Amino acid sequence: MTYMAEKTSRASTGNDGFTADERVAMKERAAELRAQSKRAKGAAKAEAELNDLLEAIAKLPDEGDRALATTLHEVIMAAAPQLAPRTWYGMPAYALDGKVLCFVQPASKFDTRYTTLGFNDTAQLDDGAMWPASFAVTTIGAAEKTRITELVRRAVGGDDMEFVEAVSAPWED
């Protein structure tokens, strides 16, 4: 597919400049906000939000996306169990103190070439004047699990490398 054909297939279907995929994501976010406002607080809310995330992963149309999202979920939660799993624009996301810290954008979400692990500005990944805030993920082996663990721990403000090494040890080949 040429660049022009790709651009045409993802072009806006209306006058607002948003693609059909983007409109779907915005509708998903609106539904998430409505559901969140109606939920009880505490453990019941956390359980409902986890179930929403697991359901979003299960509904992914691509088996590869489901496998990557499942593995990313496991690694992220092992690295930082204090994060609150939830959905964000229909994607798996992980919040710290009520703010989305990181998210998984499956390739099928916007018909992209790879799944993305993204970090929002609350993530403490600062490294000089410029640093990456999203990462392409095509497969996850031991090295990627270790790197993701390091990134997530750093993003939440944890610099305890002994903990990172202990958590990462079971994934080494």
# chains A, B, ... in the order shown; residues from 1 in each chain; ligands from 1
$ residues_around --residues "Thr87 of chain A" --least-positions-apart "4" --cutoff "12 Å" --atoms "only C-alpha atoms" --output "ChimeraX atom specification"
/A:25,28-33,35-36,46,48-57,73,91-95,99-105
$ write_last_selection --atoms "N, CA, C and O atoms" --output "short mmCIF file (atom, residue, chain, number, x, y, z; two decimals), in the first residue's frame"
data_model
loop_
_atom_site.label_atom_id
_atom_site.label_comp_id
_atom_site.auth_asym_id
_atom_site.auth_seq_id
_atom_site.Cartn_x
_atom_site.Cartn_y
_atom_site.Cartn_z
N ALA A 25 -12.95 6.10 19.42
CA ALA A 25 -12.19 6.25 20.66
C ALA A 25 -12.79 7.34 21.54
O ALA A 25 -12.89 7.17 22.77
N GLU A 28 -15.85 5.95 23.12
CA GLU A 28 -15.46 5.03 24.18
C GLU A 28 -15.07 5.80 25.44
O GLU A 28 -15.45 5.42 26.55
N ARG A 29 -14.35 6.88 25.27
CA ARG A 29 -13.94 7.69 26.43
C ARG A 29 -15.16 8.30 27.11
O ARG A 29 -15.25 8.32 28.35
N ALA A 30 -16.11 8.79 26.35
CA ALA A 30 -17.33 9.35 26.93
C ALA A 30 -18.09 8.29 27.73
O ALA A 30 -18.57 8.55 28.84
N ALA A 31 -18.17 7.08 27.18
CA ALA A 31 -18.84 5.98 27.89
C ALA A 31 -18.09 5.62 29.17
O ALA A 31 -18.70 5.34 30.21
N GLU A 32 -16.75 5.64 29.12
CA GLU A 32 -15.94 5.37 30.31
C GLU A 32 -16.23 6.40 31.41
O GLU A 32 -16.40 6.05 32.58
N LEU A 33 -16.28 7.66 31.03
CA LEU A 33 -16.53 8.72 32.00
C LEU A 33 -17.92 8.59 32.62
O LEU A 33 -18.09 8.78 33.82
N ALA A 35 -19.62 5.76 32.95
CA ALA A 35 -19.59 4.59 33.83
C ALA A 35 -18.85 4.91 35.12
O ALA A 35 -19.29 4.51 36.21
N GLN A 36 -17.74 5.64 35.03
CA GLN A 36 -16.96 5.98 36.22
C GLN A 36 -17.76 6.85 37.18
O GLN A 36 -17.67 6.70 38.40
N ALA A 46 -12.54 -0.35 41.78
CA ALA A 46 -11.29 -0.91 41.26
C ALA A 46 -11.54 -2.21 40.53
O ALA A 46 -10.97 -2.45 39.45
N ALA A 48 -14.37 -3.19 39.08
CA ALA A 48 -15.10 -2.90 37.85
C ALA A 48 -14.17 -2.36 36.77
O ALA A 48 -14.28 -2.73 35.60
N GLU A 49 -13.24 -1.49 37.17
CA GLU A 49 -12.30 -0.92 36.19
C GLU A 49 -11.33 -1.98 35.68
O GLU A 49 -10.99 -1.99 34.50
N LEU A 50 -10.89 -2.89 36.55
CA LEU A 50 -10.05 -4.00 36.10
C LEU A 50 -10.82 -4.88 35.12
O LEU A 50 -10.29 -5.27 34.07
N ASN A 51 -12.08 -5.16 35.44
CA ASN A 51 -12.90 -5.97 34.53
C ASN A 51 -13.08 -5.28 33.18
O ASN A 51 -13.07 -5.94 32.14
N ASP A 52 -13.25 -3.95 33.18
CA ASP A 52 -13.34 -3.20 31.92
C ASP A 52 -12.08 -3.38 31.10
O ASP A 52 -12.14 -3.59 29.88
N LEU A 53 -10.92 -3.29 31.76
CA LEU A 53 -9.64 -3.44 31.07
C LEU A 53 -9.52 -4.85 30.48
O LEU A 53 -9.18 -5.00 29.30
N LEU A 54 -9.81 -5.87 31.28
CA LEU A 54 -9.71 -7.25 30.80
C LEU A 54 -10.68 -7.52 29.65
O LEU A 54 -10.35 -8.22 28.69
N GLU A 55 -11.85 -6.92 29.74
CA GLU A 55 -12.84 -7.06 28.65
C GLU A 55 -12.34 -6.36 27.38
O GLU A 55 -12.51 -6.89 26.28
N ALA A 56 -11.73 -5.19 27.52
CA ALA A 56 -11.19 -4.48 26.36
C ALA A 56 -10.11 -5.31 25.68
O ALA A 56 -10.05 -5.37 24.45
N ILE A 57 -9.27 -5.96 26.47
CA ILE A 57 -8.22 -6.82 25.90
C ILE A 57 -8.88 -8.01 25.20
O ILE A 57 -8.51 -8.35 24.07
N HIS A 73 -0.04 -6.18 30.31
CA HIS A 73 -0.81 -6.03 31.55
C HIS A 73 -0.12 -6.76 32.70
O HIS A 73 0.06 -6.19 33.79
N MET A 91 -8.68 1.79 25.52
CA MET A 91 -7.41 1.07 25.57
C MET A 91 -7.05 0.73 27.01
O MET A 91 -7.43 1.44 27.93
N PRO A 92 -6.28 -0.35 27.20
CA PRO A 92 -5.79 -0.65 28.54
C PRO A 92 -4.91 0.49 29.04
O PRO A 92 -4.07 1.01 28.30
N ALA A 93 -5.14 0.89 30.29
CA ALA A 93 -4.37 1.99 30.86
C ALA A 93 -4.16 1.74 32.34
O ALA A 93 -4.86 0.93 32.95
N TYR A 94 -3.21 2.46 32.91
CA TYR A 94 -2.82 2.26 34.31
C TYR A 94 -2.64 3.63 34.94
O TYR A 94 -1.85 4.44 34.47
N ALA A 95 -3.40 3.86 36.01
CA ALA A 95 -3.42 5.17 36.64
C ALA A 95 -2.68 5.16 37.98
O ALA A 95 -2.63 4.15 38.67
N LYS A 99 -4.62 9.59 37.85
CA LYS A 99 -4.20 10.08 36.54
C LYS A 99 -3.55 8.95 35.75
O LYS A 99 -2.72 8.21 36.28
N VAL A 100 -3.91 8.83 34.47
CA VAL A 100 -3.34 7.78 33.63
C VAL A 100 -1.85 8.04 33.47
O VAL A 100 -1.42 9.09 33.01
N LEU A 101 -1.07 7.06 33.91
CA LEU A 101 0.39 7.12 33.84
C LEU A 101 0.89 6.52 32.54
O LEU A 101 1.72 7.09 31.85
N CYS A 102 0.36 5.32 32.21
CA CYS A 102 0.77 4.67 30.97
C CYS A 102 -0.42 3.94 30.36
O CYS A 102 -1.42 3.69 31.03
N PHE A 103 -0.28 3.61 29.08
CA PHE A 103 -1.38 2.98 28.36
C PHE A 103 -0.81 2.08 27.27
O PHE A 103 0.34 2.24 26.85
N VAL A 104 -1.65 1.17 26.82
CA VAL A 104 -1.29 0.27 25.73
C VAL A 104 -2.21 0.59 24.57
O VAL A 104 -3.43 0.50 24.70
N GLN A 105 -1.62 0.99 23.45
CA GLN A 105 -2.41 1.26 22.24
C GLN A 105 -2.19 0.10 21.28
O GLN A 105 -1.15 0.01 20.63
#
$ residues_around --residues "segment 113-118 of chain A" --least-positions-apart "5" --cutoff "8 Å" --atoms "only C-alpha atoms" --output "MDAnalysis selection string"
chainID A and resid 65 68 102:108 133:138
$ write_last_selection --atoms "N, CA and C atoms" --output "CSV table (one decimal), in the first residue's frame"
chain,number,residue,atom,x,y,z
A,65,ASP,N,-2.5,-8.8,19.0
A,65,ASP,CA,-2.8,-7.7,19.9
A,65,ASP,C,-3.2,-8.1,21.3
A,68,LEU,N,-0.1,-9.5,23.2
A,68,LEU,CA,0.7,-8.4,23.6
A,68,LEU,C,0.1,-7.7,24.8
A,102,CYS,N,0.4,5.3,32.2
A,102,CYS,CA,0.8,4.7,31.0
A,102,CYS,C,-0.4,3.9,30.4
A,103,PHE,N,-0.3,3.6,29.1
A,103,PHE,CA,-1.4,3.0,28.4
A,103,PHE,C,-0.8,2.1,27.3
A,104,VAL,N,-1.6,1.2,26.8
A,104,VAL,CA,-1.3,0.3,25.7
A,104,VAL,C,-2.2,0.6,24.6
A,105,GLN,N,-1.6,1.0,23.4
A,105,GLN,CA,-2.4,1.3,22.2
A,105,GLN,C,-2.2,0.1,21.3
A,106,PRO,N,-3.2,-0.8,21.2
A,106,PRO,CA,-3.0,-2.0,20.3
A,106,PRO,C,-2.9,-1.5,18.9
A,107,ALA,N,-2.2,-2.2,18.1
A,107,ALA,CA,-2.0,-1.9,16.6
A,107,ALA,C,-3.4,-1.8,15.9
A,108,SER,N,-4.3,-2.7,16.3
A,108,SER,CA,-5.6,-2.7,15.6
A,108,SER,C,-6.5,-1.5,16.0
A,133,ALA,N,8.7,8.9,25.2
A,133,ALA,CA,7.5,8.7,26.0
A,133,ALA,C,6.6,7.7,25.4
A,134,SER,N,7.0,7.0,24.3
A,134,SER,CA,6.2,5.9,23.8
A,134,SER,C,7.2,5.0,23.1
A,135,PHE,N,6.8,3.7,23.1
A,135,PHE,CA,7.6,2.6,22.6
A,135,PHE,C,6.9,1.7,21.8
A,136,ALA,N,7.4,1.4,20.6
A,136,ALA,CA,6.8,0.4,19.7
A,136,ALA,C,7.1,-1.0,20.3
A,137,VAL,N,6.0,-1.9,20.3
A,137,VAL,CA,6.2,-3.2,20.8
A,137,VAL,C,5.6,-4.2,19.8
A,138,THR,N,6.5,-5.1,19.3
A,138,THR,CA,6.1,-6.1,18.3
A,138,THR,C,6.1,-7.5,18.9
$ closest_residue --among "A:Arg34, A:Ala67, A:Ala79, A:Leu96" --to "Thr146 of chain A" --atoms "only C-alpha atoms"
A:Ala79
$ residues_around --residues "Ala155 of chain A" --least-positions-apart "4" --cutoff "6 Å" --atoms "only C-alpha atoms" --output "ChimeraX atom specification"
/A:123-125,151
$ write_last_selection --atoms "N, CA, C and O atoms" --output "short mmCIF file (atom, residue, chain, number, x, y, z; two decimals), in the first residue's frame"
data_model
loop_
_atom_site.label_atom_id
_atom_site.label_comp_id
_atom_site.auth_asym_id
_atom_site.auth_seq_id
_atom_site.Cartn_x
_atom_site.Cartn_y
_atom_site.Cartn_z
N ALA A 123 4.38 10.50 34.09
CA ALA A 123 5.44 9.49 34.22
C ALA A 123 6.78 10.19 34.45
O ALA A 123 7.11 11.15 33.77
N GLN A 124 7.52 9.68 35.39
CA GLN A 124 8.81 10.30 35.75
C GLN A 124 9.94 9.65 34.95
O GLN A 124 10.85 9.04 35.50
N LEU A 125 9.87 9.82 33.64
CA LEU A 125 10.88 9.26 32.75
C LEU A 125 11.92 10.29 32.32
O LEU A 125 12.78 9.99 31.50
N LEU A 151 11.03 0.67 32.94
CA LEU A 151 10.32 1.89 32.54
C LEU A 151 9.15 2.19 33.48
O LEU A 151 8.97 3.32 33.92
#
$ select_by_dssp --residues "segment 1-141 of chain A" --states "strand (DSSP E or B)" --output "PyMOL selection string"
chain A and resi 84-88+91-96+99-105+115-119+134-137
$ select_by_dssp --residues "segment 5-157 of chain A" --states "alpha helix (DSSP H)" --output "PyMOL selection string"
chain A and resi 5-9+20-38+43-58+63-79+142-155
$ atom_distance --atom1 "atom CA of Ile140 of chain A" --atom2 "atom CA of Trp88 of chain A"
22.5 Å
$ closest_residue --among "A:Gly141, A:Asp121, A:Ala80, A:Lys109" --to "Arg154 of chain A" --atoms "only C-alpha atoms"
A:Ala80
$ closest_residue --among "A:Phe18, A:Gly90, A:Gln82, A:Phe110" --to "Ala58 of chain A" --atoms "only C-alpha atoms"
A:Gly90
$ closest_residue --among "A:Asp16, A:Asp97, A:Asp111, A:Glu144" --to "Ile76 of chain A" --atoms "only C-alpha atoms"
A:Glu144
